[in-house]
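K.L.:
Please find entry_19.pdb (PDB, C-alpha atoms) on the next line:
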```
ATOM      1  CA  MET A   9     -54.760 -16.971 -41.998
ATOM      2  CA  ASN A  10     -56.270 -19.488 -39.599
ATOM      3  CA  ASP A  11     -58.370 -18.192 -36.712
ATOM      4  CA  TYR A  12     -57.351 -21.089 -34.456
ATOM      5  CA  GLU A  13     -54.286 -22.481 -32.696
ATOM      6  CA  ILE A  14     -52.638 -25.885 -33.121
ATOM      7  CA  PHE A  15     -51.580 -28.050 -30.196
ATOM      8  CA  ASN A  16     -48.817 -30.408 -31.271
ATOM      9  CA  ALA A  17     -49.612 -33.447 -29.136
ATOM     10  CA  GLY A  18     -46.678 -35.503 -30.404
ATOM     11  CA  ASN A  19     -46.948 -39.270 -30.572
ATOM     12  CA  VAL A  20     -50.312 -40.474 -29.270
ATOM     13  CA  VAL A  21     -50.979 -44.153 -28.589
ATOM     14  CA  LEU A  22     -54.568 -44.727 -29.681
ATOM     15  CA  GLN A  23     -56.957 -47.228 -28.111
ATOM     16  CA  SER A  24     -56.390 -49.393 -31.184
ATOM     17  CA  GLY A  25     -52.739 -49.768 -30.183
ATOM     18  CA  ILE A  26     -51.482 -47.734 -33.151
ATOM     19  CA  THR A  27     -49.213 -44.795 -32.383
ATOM     20  CA  PHE A  28     -50.363 -41.742 -34.291
ATOM     21  CA  ARG A  29     -47.275 -39.609 -34.733
ATOM     22  CA  ASP A  30     -47.280 -35.824 -34.762
ATOM     23  CA  ALA A  31     -50.937 -35.521 -33.768
ATOM     24  CA  LYS A  32     -52.311 -32.019 -34.180
ATOM     25  CA  LEU A  33     -55.311 -30.708 -32.255
ATOM     26  CA  ALA A  34     -56.867 -27.485 -33.576
ATOM     27  CA  TYR A  35     -58.482 -25.322 -30.914
ATOM     28  CA  LYS A  36     -59.839 -21.837 -30.287
ATOM     29  CA  THR A  37     -60.221 -19.979 -27.000
ATOM     30  CA  TYR A  38     -62.592 -17.195 -25.964
ATOM     31  CA  GLY A  39     -62.459 -15.049 -22.833
ATOM     32  CA  THR A  40     -59.682 -14.882 -20.250
ATOM     33  CA  LEU A  41     -58.366 -17.566 -17.910
ATOM     34  CA  ASN A  42     -58.427 -16.261 -14.345
ATOM     35  CA  ALA A  43     -55.430 -16.294 -11.992
ATOM     36  CA  ASP A  44     -56.369 -19.490 -10.161
ATOM     37  CA  LYS A  45     -57.436 -21.180 -13.420
ATOM     38  CA  THR A  46     -60.877 -22.183 -12.169
ATOM     39  CA  ASN A  47     -63.091 -20.519 -14.801
ATOM     40  CA  ALA A  48     -62.355 -22.820 -17.750
ATOM     41  CA  ILE A  49     -65.099 -24.380 -19.865
ATOM     42  CA  ILE A  50     -64.426 -27.017 -22.504
ATOM     43  CA  TYR A  51     -66.989 -27.023 -25.316
ATOM     44  CA  MET A  52     -66.638 -29.777 -27.921
ATOM     45  CA  THR A  53     -67.490 -29.793 -31.617
ATOM     46  CA  SER A  54     -70.201 -31.992 -33.104
ATOM     47  CA  PHE A  55     -70.284 -34.265 -36.161
ATOM     48  CA  GLY A  56     -69.201 -32.452 -39.305
ATOM     49  CA  ALA A  57     -68.646 -29.181 -37.437
ATOM     50  CA  HIS A  58     -65.756 -26.797 -36.891
ATOM     51  CA  HIS A  59     -65.468 -24.525 -33.856
ATOM     52  CA  THR A  60     -67.014 -21.705 -35.892
ATOM     53  CA  ASP A  61     -70.220 -23.715 -36.324
ATOM     54  CA  ILE A  62     -71.093 -23.922 -32.617
ATOM     55  CA  LEU A  63     -70.580 -20.382 -31.386
ATOM     56  CA  TRP A  64     -74.245 -19.528 -30.784
ATOM     57  CA  MET A  65     -73.855 -19.623 -27.001
ATOM     58  CA  VAL A  66     -70.294 -18.260 -26.664
ATOM     59  CA  GLY A  67     -69.853 -14.561 -25.948
ATOM     60  CA  SER A  68     -70.519 -11.687 -23.584
ATOM     61  CA  GLY A  69     -73.699 -12.330 -21.604
ATOM     62  CA  LEU A  70     -74.470 -15.584 -23.408
ATOM     63  CA  ALA A  71     -74.734 -19.088 -21.905
ATOM     64  CA  LEU A  72     -70.955 -19.515 -22.006
ATOM     65  CA  ASP A  73     -70.292 -15.962 -20.882
ATOM     66  CA  THR A  74     -66.836 -14.857 -21.965
ATOM     67  CA  ASP A  75     -66.938 -11.992 -19.450
ATOM     68  CA  LYS A  76     -66.780 -14.668 -16.736
ATOM     69  CA  TYR A  77     -65.375 -17.809 -18.327
ATOM     70  CA  PHE A  78     -62.469 -18.995 -20.440
ATOM     71  CA  VAL A  79     -64.007 -21.154 -23.163
ATOM     72  CA  ILE A  80     -61.862 -23.706 -24.994
ATOM     73  CA  ILE A  81     -63.217 -25.337 -28.148
ATOM     74  CA  PRO A  82     -61.106 -28.273 -29.350
ATOM     75  CA  ASN A  83     -61.881 -29.553 -32.836
ATOM     76  CA  LEU A  84     -62.709 -33.226 -33.169
ATOM     77  CA  PHE A  85     -60.048 -35.369 -34.813
ATOM     78  CA  GLY A  86     -61.262 -36.035 -38.333
ATOM     79  CA  ASN A  87     -63.057 -32.702 -38.790
ATOM     80  CA  GLY A  88     -60.481 -31.276 -41.176
ATOM     81  CA  LEU A  89     -58.797 -28.820 -38.812
ATOM     82  CA  SER A  90     -57.303 -31.269 -36.321
ATOM     83  CA  SER A  91     -55.445 -34.310 -37.702
ATOM     84  CA  SER A  92     -57.802 -35.849 -40.268
ATOM     85  CA  PRO A  93     -57.867 -38.020 -43.388
ATOM     86  CA  SER A  94     -57.914 -34.823 -45.478
ATOM     87  CA  ASN A  95     -54.574 -33.622 -44.090
ATOM     88  CA  ALA A  96     -52.966 -37.005 -43.368
ATOM     89  CA  VAL A  97     -49.469 -37.927 -44.508
ATOM     90  CA  ASP A  98     -48.039 -41.356 -45.264
ATOM     91  CA  PRO A  99     -48.444 -43.991 -43.969
ATOM     92  CA  PHE A 100     -51.920 -42.901 -42.734
ATOM     93  CA  THR A 101     -53.325 -41.810 -46.080
ATOM     94  CA  GLY A 102     -56.133 -43.424 -48.043
ATOM     95  CA  ASP A 103     -57.737 -46.403 -46.349
ATOM     96  CA  ARG A 104     -54.958 -46.575 -43.736
ATOM     97  CA  TRP A 105     -56.339 -43.801 -41.539
ATOM     98  CA  PRO A 106     -56.190 -45.064 -37.905
ATOM     99  CA  ASN A 107     -59.548 -44.293 -36.346
ATOM    100  CA  PHE A 108     -59.647 -42.095 -33.246
ATOM    101  CA  THR A 109     -62.176 -43.054 -30.578
ATOM    102  CA  ILE A 110     -64.009 -40.524 -28.451
ATOM    103  CA  ALA A 111     -61.678 -41.539 -25.603
ATOM    104  CA  ASP A 112     -58.649 -40.818 -27.831
ATOM    105  CA  ASN A 113     -60.054 -37.354 -28.538
ATOM    106  CA  VAL A 114     -60.628 -36.577 -24.868
ATOM    107  CA  PHE A 115     -57.175 -37.898 -23.901
ATOM    108  CA  VAL A 116     -55.513 -35.382 -26.241
ATOM    109  CA  GLN A 117     -57.894 -32.609 -25.153
ATOM    110  CA  HIS A 118     -56.801 -33.321 -21.576
ATOM    111  CA  LYS A 119     -53.168 -32.964 -22.614
ATOM    112  CA  LEU A 120     -54.006 -29.610 -24.203
ATOM    113  CA  ILE A 121     -55.673 -28.048 -21.184
ATOM    114  CA  THR A 122     -53.221 -29.407 -18.610
ATOM    115  CA  GLU A 123     -49.959 -28.969 -20.516
ATOM    116  CA  ILE A 124     -50.658 -25.717 -22.354
ATOM    117  CA  PHE A 125     -52.927 -23.923 -19.864
ATOM    118  CA  GLY A 126     -52.126 -25.675 -16.564
ATOM    119  CA  ILE A 127     -55.849 -26.163 -15.880
ATOM    120  CA  GLN A 128     -56.705 -28.787 -13.254
ATOM    121  CA  THR A 129     -60.417 -28.061 -12.762
ATOM    122  CA  LEU A 130     -63.125 -27.441 -15.348
ATOM    123  CA  ALA A 131     -66.077 -25.282 -14.414
ATOM    124  CA  LEU A 132     -68.024 -27.073 -17.143
ATOM    125  CA  ALA A 133     -67.681 -29.702 -19.867
ATOM    126  CA  CYS A 134     -70.403 -29.365 -22.481
ATOM    127  CA  GLY A 135     -71.463 -30.056 -26.018
ATOM    128  CA  TRP A 136     -74.267 -30.825 -28.449
ATOM    129  CA  SER A 137     -74.720 -34.173 -30.190
ATOM    130  CA  MET A 138     -71.262 -35.690 -30.735
ATOM    131  CA  GLY A 139     -69.922 -32.816 -28.638
ATOM    132  CA  GLY A 140     -72.158 -34.022 -25.816
ATOM    133  CA  VAL A 141     -70.783 -37.533 -26.253
ATOM    134  CA  GLN A 142     -67.297 -36.093 -25.668
ATOM    135  CA  ALA A 143     -68.541 -34.153 -22.630
ATOM    136  CA  TYR A 144     -69.838 -37.392 -21.139
ATOM    137  CA  GLU A 145     -66.439 -38.980 -21.799
ATOM    138  CA  TRP A 146     -64.721 -36.103 -19.994
ATOM    139  CA  ALA A 147     -66.942 -36.528 -16.924
ATOM    140  CA  ALA A 148     -66.352 -40.292 -16.776
ATOM    141  CA  ALA A 149     -62.627 -40.271 -17.624
ATOM    142  CA  TYR A 150     -61.695 -37.353 -15.334
ATOM    143  CA  PRO A 151     -64.488 -37.195 -12.715
ATOM    144  CA  ALA A 152     -62.486 -35.214 -10.164
ATOM    145  CA  MET A 153     -61.697 -32.587 -12.768
ATOM    146  CA  VAL A 154     -65.171 -31.880 -14.183
ATOM    147  CA  LYS A 155     -67.265 -29.787 -11.815
ATOM    148  CA  ARG A 156     -70.328 -29.478 -14.069
ATOM    149  CA  LEU A 157     -71.595 -31.290 -17.141
ATOM    150  CA  VAL A 158     -74.078 -30.265 -19.836
ATOM    151  CA  VAL A 159     -75.116 -32.632 -22.605
ATOM    152  CA  ASN A 160     -77.467 -31.269 -25.270
ATOM    153  CA  CYS A 161     -79.011 -34.009 -27.413
ATOM    154  CA  GLY A 162     -76.175 -36.454 -26.766
ATOM    155  CA  ALA A 163     -75.583 -39.702 -24.899
ATOM    156  CA  ALA A 164     -72.972 -41.659 -22.962
ATOM    157  CA  LYS A 165     -72.844 -44.339 -25.647
ATOM    158  CA  CYS A 166     -74.141 -44.877 -29.162
ATOM    159  CA  SER A 167     -77.477 -46.685 -28.859
ATOM    160  CA  PRO A 168     -78.406 -49.556 -31.206
ATOM    161  CA  HIS A 169     -80.891 -47.397 -33.133
ATOM    162  CA  ASN A 170     -78.333 -44.592 -33.390
ATOM    163  CA  GLN A 171     -75.879 -47.082 -34.873
ATOM    164  CA  VAL A 172     -78.472 -48.128 -37.455
ATOM    165  CA  PHE A 173     -79.034 -44.478 -38.347
ATOM    166  CA  ILE A 174     -75.292 -43.982 -38.899
ATOM    167  CA  GLU A 175     -75.152 -47.156 -40.998
ATOM    168  CA  GLY A 176     -77.837 -45.704 -43.250
ATOM    169  CA  VAL A 177     -76.011 -42.403 -43.645
ATOM    170  CA  ARG A 178     -72.693 -44.128 -44.319
ATOM    171  CA  SER A 179     -74.211 -46.528 -46.818
ATOM    172  CA  THR A 180     -75.862 -43.673 -48.704
ATOM    173  CA  LEU A 181     -72.618 -41.720 -48.913
ATOM    174  CA  THR A 182     -70.475 -44.667 -49.982
ATOM    175  CA  THR A 183     -72.706 -45.640 -52.911
ATOM    176  CA  ASP A 184     -71.014 -42.848 -54.828
ATOM    177  CA  PRO A 185     -68.622 -44.310 -57.451
ATOM    178  CA  ALA A 186     -65.804 -42.200 -55.983
ATOM    179  CA  PHE A 187     -65.701 -44.627 -53.033
ATOM    180  CA  GLN A 188     -63.068 -47.203 -53.933
ATOM    181  CA  ASN A 189     -61.114 -49.657 -51.806
ATOM    182  CA  GLY A 190     -62.350 -48.236 -48.520
ATOM    183  CA  HIS A 191     -62.003 -44.507 -49.155
ATOM    184  CA  PHE A 192     -62.992 -41.717 -51.515
ATOM    185  CA  VAL A 193     -60.558 -41.101 -54.353
ATOM    186  CA  SER A 194     -62.346 -37.923 -55.507
ATOM    187  CA  ARG A 195     -65.054 -35.591 -54.262
ATOM    188  CA  PRO A 196     -68.356 -37.522 -54.164
ATOM    189  CA  GLU A 197     -70.799 -34.715 -54.913
ATOM    190  CA  ARG A 198     -73.721 -37.050 -55.613
ATOM    191  CA  GLY A 199     -73.031 -39.048 -52.471
ATOM    192  CA  LEU A 200     -72.803 -35.939 -50.295
ATOM    193  CA  ARG A 201     -76.081 -34.581 -51.639
ATOM    194  CA  ALA A 202     -77.813 -37.932 -51.078
ATOM    195  CA  MET A 203     -76.353 -38.228 -47.584
ATOM    196  CA  ALA A 204     -77.641 -34.750 -46.747
ATOM    197  CA  ARG A 205     -81.205 -35.616 -47.715
ATOM    198  CA  ASN A 206     -81.030 -38.902 -45.825
ATOM    199  CA  TYR A 207     -79.744 -37.065 -42.762
ATOM    200  CA  ALA A 208     -82.456 -34.385 -42.939
ATOM    201  CA  ALA A 209     -85.181 -36.995 -42.544
ATOM    202  CA  MET A 210     -83.891 -38.064 -39.116
ATOM    203  CA  ALA A 211     -82.405 -34.821 -37.821
ATOM    204  CA  MET A 212     -85.702 -32.920 -37.794
ATOM    205  CA  SER A 213     -89.006 -34.205 -36.444
ATOM    206  CA  GLN A 214     -92.123 -35.156 -38.362
ATOM    207  CA  THR A 215     -93.901 -32.244 -36.676
ATOM    208  CA  PHE A 216     -91.187 -29.849 -37.838
ATOM    209  CA  TYR A 217     -91.927 -30.749 -41.429
ATOM    210  CA  ARG A 218     -95.716 -30.878 -41.008
ATOM    211  CA  GLN A 219     -95.716 -27.374 -39.526
ATOM    212  CA  GLU A 220     -93.230 -26.134 -42.151
ATOM    213  CA  ALA A 221     -91.038 -24.807 -39.366
ATOM    214  CA  TRP A 222     -88.226 -24.422 -41.877
ATOM    215  CA  ARG A 223     -89.937 -21.154 -42.803
ATOM    216  CA  ASP A 224     -88.900 -19.774 -39.386
ATOM    217  CA  ALA A 225     -85.289 -20.274 -40.446
ATOM    218  CA  GLY A 226     -85.777 -18.191 -43.573
ATOM    219  CA  PHE A 227     -86.234 -20.871 -46.218
ATOM    220  CA  SER A 228     -88.770 -20.329 -49.002
ATOM    221  CA  SER A 229     -89.747 -23.956 -49.591
ATOM    222  CA  LEU A 230     -88.993 -27.476 -48.431
ATOM    223  CA  GLU A 231     -86.661 -27.948 -51.386
ATOM    224  CA  ASP A 232     -84.897 -24.693 -50.525
ATOM    225  CA  PHE A 233     -84.382 -26.005 -46.977
ATOM    226  CA  LEU A 234     -82.973 -29.331 -48.192
ATOM    227  CA  VAL A 235     -80.618 -27.730 -50.700
ATOM    228  CA  MET A 236     -79.423 -24.666 -48.825
ATOM    229  CA  SER A 237     -79.353 -26.048 -45.279
ATOM    230  CA  TRP A 238     -78.487 -29.715 -45.708
ATOM    231  CA  GLU A 239     -76.789 -30.158 -49.063
ATOM    232  CA  ALA A 240     -74.831 -26.938 -48.719
ATOM    233  CA  ASN A 241     -73.612 -27.944 -45.268
ATOM    234  CA  PHE A 242     -72.274 -31.366 -46.210
ATOM    235  CA  LEU A 243     -70.919 -30.321 -49.596
ATOM    236  CA  LYS A 244     -68.354 -28.138 -47.821
ATOM    237  CA  ARG A 245     -66.962 -31.126 -45.882
ATOM    238  CA  ASP A 246     -64.486 -33.793 -46.905
ATOM    239  CA  ALA A 247     -66.187 -37.182 -47.302
ATOM    240  CA  ASN A 248     -63.291 -39.194 -45.864
ATOM    241  CA  ASN A 249     -63.351 -36.930 -42.821
ATOM    242  CA  LEU A 250     -67.063 -37.586 -42.400
ATOM    243  CA  LEU A 251     -66.455 -41.336 -42.464
ATOM    244  CA  ALA A 252     -63.786 -41.016 -39.773
ATOM    245  CA  GLN A 253     -66.168 -39.061 -37.556
ATOM    246  CA  MET A 254     -68.990 -41.561 -38.152
ATOM    247  CA  TRP A 255     -66.706 -44.339 -36.986
ATOM    248  CA  ALA A 256     -65.881 -42.493 -33.755
ATOM    249  CA  TRP A 257     -69.554 -41.702 -33.147
ATOM    250  CA  GLN A 258     -70.692 -45.255 -33.765
ATOM    251  CA  HIS A 259     -68.104 -46.694 -31.363
ATOM    252  CA  ALA A 260     -68.752 -44.171 -28.581
ATOM    253  CA  ASN A 261     -69.124 -45.670 -25.103
ATOM    254  CA  ILE A 262     -67.813 -44.118 -21.881
ATOM    255  CA  ALA A 263     -67.172 -47.630 -20.485
ATOM    256  CA  ALA A 264     -65.174 -48.948 -23.466
ATOM    257  CA  ASN A 265     -61.777 -48.493 -21.844
ATOM    258  CA  LYS A 266     -59.411 -50.049 -19.298
ATOM    259  CA  ARG A 267     -60.814 -47.888 -16.509
ATOM    260  CA  TYR A 268     -64.314 -49.402 -16.665
ATOM    261  CA  ASN A 269     -63.779 -52.558 -18.746
ATOM    262  CA  GLY A 270     -67.173 -52.279 -20.402
ATOM    263  CA  ASP A 271     -69.144 -51.715 -17.177
ATOM    264  CA  PHE A 272     -71.466 -48.955 -18.378
ATOM    265  CA  THR A 273     -73.276 -48.596 -15.057
ATOM    266  CA  ALA A 274     -69.978 -48.217 -13.186
ATOM    267  CA  ALA A 275     -68.879 -45.506 -15.613
ATOM    268  CA  LEU A 276     -72.110 -43.549 -15.076
ATOM    269  CA  LYS A 277     -71.938 -43.942 -11.286
ATOM    270  CA  ALA A 278     -68.378 -42.597 -11.322
ATOM    271  CA  ILE A 279     -69.492 -39.234 -12.720
ATOM    272  CA  THR A 280     -69.507 -36.736  -9.864
ATOM    273  CA  ALA A 281     -70.221 -33.588 -11.877
ATOM    274  CA  ASN A 282     -73.364 -31.572 -11.280
ATOM    275  CA  ALA A 283     -74.926 -32.741 -14.529
ATOM    276  CA  LEU A 284     -77.666 -31.320 -16.724
ATOM    277  CA  ILE A 285     -78.776 -33.715 -19.445
ATOM    278  CA  MET A 286     -80.980 -32.023 -22.045
ATOM    279  CA  PRO A 287     -82.472 -34.206 -24.787
ATOM    280  CA  SER A 288     -85.051 -32.998 -27.285
ATOM    281  CA  VAL A 289     -88.450 -34.633 -26.893
ATOM    282  CA  THR A 290     -88.628 -35.032 -30.686
ATOM    283  CA  ASP A 291     -85.059 -36.206 -31.292
ATOM    284  CA  LEU A 292     -85.294 -39.391 -33.373
ATOM    285  CA  TYR A 293     -81.866 -40.832 -32.581
ATOM    286  CA  PHE A 294     -80.657 -39.356 -29.244
ATOM    287  CA  GLN A 295     -83.797 -40.206 -27.338
ATOM    288  CA  VAL A 296     -85.092 -39.000 -23.977
ATOM    289  CA  GLU A 297     -85.445 -42.571 -22.723
ATOM    290  CA  ASP A 298     -81.736 -43.303 -23.294
ATOM    291  CA  ASN A 299     -80.845 -40.224 -21.247
ATOM    292  CA  ARG A 300     -83.392 -41.083 -18.546
ATOM    293  CA  LEU A 301     -81.740 -44.472 -18.029
ATOM    294  CA  GLU A 302     -78.331 -42.770 -17.830
ATOM    295  CA  VAL A 303     -79.470 -40.131 -15.337
ATOM    296  CA  GLU A 304     -80.881 -42.826 -13.035
ATOM    297  CA  GLN A 305     -77.342 -44.171 -12.559
ATOM    298  CA  MET A 306     -75.589 -40.821 -12.044
ATOM    299  CA  GLN A 307     -74.868 -39.186  -8.699
ATOM    300  CA  ARG A 308     -75.918 -35.596  -9.354
ATOM    301  CA  ALA A 309     -77.784 -35.514 -12.639
ATOM    302  CA  ARG A 310     -80.955 -33.765 -13.739
ATOM    303  CA  LEU A 311     -82.927 -34.677 -16.840
ATOM    304  CA  LEU A 312     -84.365 -31.568 -18.495
ATOM    305  CA  PRO A 313     -85.981 -32.340 -21.869
ATOM    306  CA  ILE A 314     -86.260 -29.589 -24.476
ATOM    307  CA  GLU A 315     -89.905 -29.247 -25.542
ATOM    308  CA  SER A 316     -89.351 -28.604 -29.222
ATOM    309  CA  VAL A 317     -90.474 -29.699 -32.688
ATOM    310  CA  TRP A 318     -86.967 -29.158 -34.060
ATOM    311  CA  GLY A 319     -85.873 -32.732 -33.384
ATOM    312  CA  HIS A 320     -82.146 -33.222 -32.907
ATOM    313  CA  ARG A 321     -81.482 -29.626 -33.961
ATOM    314  CA  ALA A 322     -83.267 -28.344 -30.855
ATOM    315  CA  GLY A 323     -79.852 -28.689 -29.205
ATOM    316  CA  LEU A 324     -78.194 -26.345 -31.711
ATOM    317  CA  PRO A 325     -80.888 -23.678 -32.084
ATOM    318  CA  THR A 326     -79.119 -21.195 -34.330
ATOM    319  CA  ALA A 327     -82.445 -20.355 -36.030
ATOM    320  CA  ASN A 328     -84.738 -21.137 -33.124
ATOM    321  CA  LYS A 329     -84.928 -18.418 -30.469
ATOM    322  CA  HIS A 330     -87.327 -20.257 -28.158
ATOM    323  CA  ASP A 331     -85.078 -23.300 -27.712
ATOM    324  CA  ALA A 332     -81.997 -21.082 -27.507
ATOM    325  CA  ALA A 333     -83.506 -19.129 -24.618
ATOM    326  CA  PHE A 334     -84.480 -22.350 -22.809
ATOM    327  CA  ILE A 335     -81.010 -23.871 -23.113
ATOM    328  CA  THR A 336     -79.247 -20.624 -22.249
ATOM    329  CA  GLY A 337     -81.320 -20.162 -19.095
ATOM    330  CA  ALA A 338     -80.708 -23.717 -17.950
ATOM    331  CA  ILE A 339     -76.930 -23.509 -18.458
ATOM    332  CA  LYS A 340     -76.676 -20.157 -16.697
ATOM    333  CA  GLU A 341     -78.603 -21.604 -13.755
ATOM    334  CA  LEU A 342     -76.276 -24.598 -13.578
ATOM    335  CA  LEU A 343     -73.164 -22.395 -13.676
ATOM    336  CA  ASN A 344     -74.481 -20.535 -10.630
ATOM    337  CA  GLN A 345     -74.646 -23.793  -8.663
ATOM    338  CA  ASP A 346     -71.830 -25.572  -6.854
TER
END
```
Could you write out this structure as structure tokens?

P.N.:
Amino acid sequence: MNDYEIFNAGNVVLQSGITFRDAKLAYKTYGTLNADKTNAIIYMTSFGAHHTDILWMVGSGLALDTDKYFVIIPNLFGNGLSSSPSNAVDPFTGDRWPNFTIADNVFVQHKLITEIFGIQTLALACGWSMGGVQAYEWAAAYPAMVKRLVVNCGAAKCSPHNQVFIEGVRSTLTTDPAFQNGHFVSRPERGLRAMARNYAAMAMSQTFYRQEAWRDAGFSSLEDFLVMSWEANFLKRDANNLLAQMWAWQHANIAANKRYNGDFTAALKAITANALIMPSVTDLYFQVEDNRLEVEQMQRARLLPIESVWGHRAGLPTANKHDAAFITGAIKELLNQD
């Protein structure tokens, strides 16, 4: 039995112009919505993740305190729980999957929280990595609705270097012979394992590996870390789903819509949320400098880098208590502010 709910969003006109019929958004809620519906937090999933993979700061007394807040986690389209290549029906099977943009995701998430829960104000929009990209989209698309914003190791658009990184990951995965005519016709085990090792090189910092910090996460050797953390993680995901999510990530840009017509500065200036932007100082593809340039254009934003050797994974510190405490403290402080 599934531990999540399904929002039947109906027919959704995507930014591409295609109407995706019978769109299904998987979501999970934690805590209780208060009477005036002002204690809601939306917390988005990251690349390759389900809602169960990002729960480290959801719960009683934690950063997203379920004694105080009603936390909604919508699953990204393409992650296997929401509408995805792996559960698609004709005519959107195979290479005919119509890609969802980040804006398409947030549009349906907005329908969920307004139509199902009647929520008009969010106490916080937040997320790590691709979840942070969605949080940025929320703050730019619905500025009057988002009171606070937290982005952990994410950005308002996919930078050129980030796009190159994704190209490398995609190219590694699609060298598997199971990739035919634009999609995978069978499970590409070799491709998934190769992708995982490629990904591991950029996700963690050089210092992380030099200091053998993987030992702090309970791994007995570097090879053990690569196999049990990285290969094991991607082997449990559907490769076509991963490609769909890569596409959305690579095309992310809060200004790529009719509201802002490509004016990235205007989109940033429109964000009115009390914003906390938290990059990792050793992140190799969501860099501090990208966030610094974004924060300069925002009305109420603070740049708070995470001093960590864990690279991109500093923003999801499931095995890193120091970074977890830093992020938790910062979010709790923000939630106490107007």

K.L.:
Would you translate the PyMOL selection byres ((chain A and resi 288) around 9) into the concrete set of residues it matches in this file, as a PDB file with C-alpha atoms, keeping the file's coordinate frame?

P.N.:
```
ATOM      1  CA  ASN A 160     -77.467 -31.269 -25.270  1.00  0.00           C
ATOM      2  CA  CYS A 161     -79.011 -34.009 -27.413  1.00  0.00           C
ATOM      3  CA  MET A 286     -80.980 -32.023 -22.045  1.00  0.00           C
ATOM      4  CA  PRO A 287     -82.472 -34.206 -24.787  1.00  0.00           C
ATOM      5  CA  VAL A 289     -88.450 -34.633 -26.893  1.00  0.00           C
ATOM      6  CA  THR A 290     -88.628 -35.032 -30.686  1.00  0.00           C
ATOM      7  CA  ASP A 291     -85.059 -36.206 -31.292  1.00  0.00           C
ATOM      8  CA  LEU A 292     -85.294 -39.391 -33.373  1.00  0.00           C
ATOM      9  CA  PHE A 294     -80.657 -39.356 -29.244  1.00  0.00           C
ATOM     10  CA  GLN A 295     -83.797 -40.206 -27.338  1.00  0.00           C
ATOM     11  CA  VAL A 296     -85.092 -39.000 -23.977  1.00  0.00           C
ATOM     12  CA  LEU A 312     -84.365 -31.568 -18.495  1.00  0.00           C
ATOM     13  CA  PRO A 313     -85.981 -32.340 -21.869  1.00  0.00           C
ATOM     14  CA  ILE A 314     -86.260 -29.589 -24.476  1.00  0.00           C
ATOM     15  CA  GLU A 315     -89.905 -29.247 -25.542  1.00  0.00           C
ATOM     16  CA  SER A 316     -89.351 -28.604 -29.222  1.00  0.00           C
ATOM     17  CA  VAL A 317     -90.474 -29.699 -32.688  1.00  0.00           C
ATOM     18  CA  TRP A 318     -86.967 -29.158 -34.060  1.00  0.00           C
ATOM     19  CA  GLY A 319     -85.873 -32.732 -33.384  1.00  0.00           C
ATOM     20  CA  HIS A 320     -82.146 -33.222 -32.907  1.00  0.00           C
ATOM     21  CA  ARG A 321     -81.482 -29.626 -33.961  1.00  0.00           C
ATOM     22  CA  ALA A 322     -83.267 -28.344 -30.855  1.00  0.00           C
ATOM     23  CA  GLY A 323     -79.852 -28.689 -29.205  1.00  0.00           C
TER      24      GLY A 323
END
```

K.L.:
Can you list, as a list in words, the residues that the PyMOL selection byres ((chain A and resi 175) around 12) selects here?

P.N.:
Pro168, His169, Asn170, Gln171, Val172, Phe173, Ile174, Gly176, Val177, Arg178, Ser179, Thr180, Leu181, Thr182, Met203, Asn206, Tyr207, Leu251, Met254, Trp255, Trp257, Gln258 and His259 of chain A

K.L.:
Of the residues A:Val114, A:Leu84, A:Ile127, A:Val193, which is the one nearest to Phe55 in chain A, using all atoms listed in the file?

P.N.:
A:Leu84

K.L.:
Which value, in Å to one decimal, gives the distance between CA of Glu220 in chain A and CA of Gly199 in chain A?

P.N.:
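These atoms are spaced 26.1 Å apart.
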
K.L.:
I need the output of the PyMOL selection byres ((chain A and resi 337) around 12) for this file as a list in words; which residues are they?

P.N.:
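Evaluating the PyMOL selection byres ((chain A and resi 337) around 12) on this file yields Met65, Gly69, Leu70, Ala71, Leu72, Asp73, Leu284, Leu312, Ile314, His330, Asp331, Ala332, Ala333, Phe334, Ile335, Thr336, Ala338, Ile339, Lys340, Glu341, Leu342, Leu343 and Asn344 of chain A.
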
K.L.:
Can you write out the residues you just picked, keeping C-alpha atoms, as a tab-separated table (two decimals), keeping the file's coordinate frame?

P.N.:
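Contents of again_14.tsv, as written:
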```
chain	number	residue	atom	x	y	z
A	65	MET	CA	-73.86	-19.62	-27.00
A	69	GLY	CA	-73.70	-12.33	-21.60
A	70	LEU	CA	-74.47	-15.58	-23.41
A	71	ALA	CA	-74.73	-19.09	-21.90
A	72	LEU	CA	-70.96	-19.52	-22.01
A	73	ASP	CA	-70.29	-15.96	-20.88
A	284	LEU	CA	-77.67	-31.32	-16.72
A	312	LEU	CA	-84.36	-31.57	-18.50
A	314	ILE	CA	-86.26	-29.59	-24.48
A	330	HIS	CA	-87.33	-20.26	-28.16
A	331	ASP	CA	-85.08	-23.30	-27.71
A	332	ALA	CA	-82.00	-21.08	-27.51
A	333	ALA	CA	-83.51	-19.13	-24.62
A	334	PHE	CA	-84.48	-22.35	-22.81
A	335	ILE	CA	-81.01	-23.87	-23.11
A	336	THR	CA	-79.25	-20.62	-22.25
A	338	ALA	CA	-80.71	-23.72	-17.95
A	339	ILE	CA	-76.93	-23.51	-18.46
A	340	LYS	CA	-76.68	-20.16	-16.70
A	341	GLU	CA	-78.60	-21.60	-13.76
A	342	LEU	CA	-76.28	-24.60	-13.58
A	343	LEU	CA	-73.16	-22.40	-13.68
A	344	ASN	CA	-74.48	-20.54	-10.63
```

K.L.:
When you count all atoms listed in the file, which of these residues is closest to Cys134 in chain A: A:Ser228, A:Thr53, A:Thr183, A:Thr74?

P.N.:
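Checking each candidate against Cys134 in chain A, we get A:Thr53 as the closest.
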
K.L.:
Counting all atoms listed in the file, which of A:Asn47, A:Thr109, A:Thr27, A:Asn248 gets nearest to Gln188 in chain A?

P.N.:
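Smallest separation from Gln188 in chain A among the options: A:Asn248.
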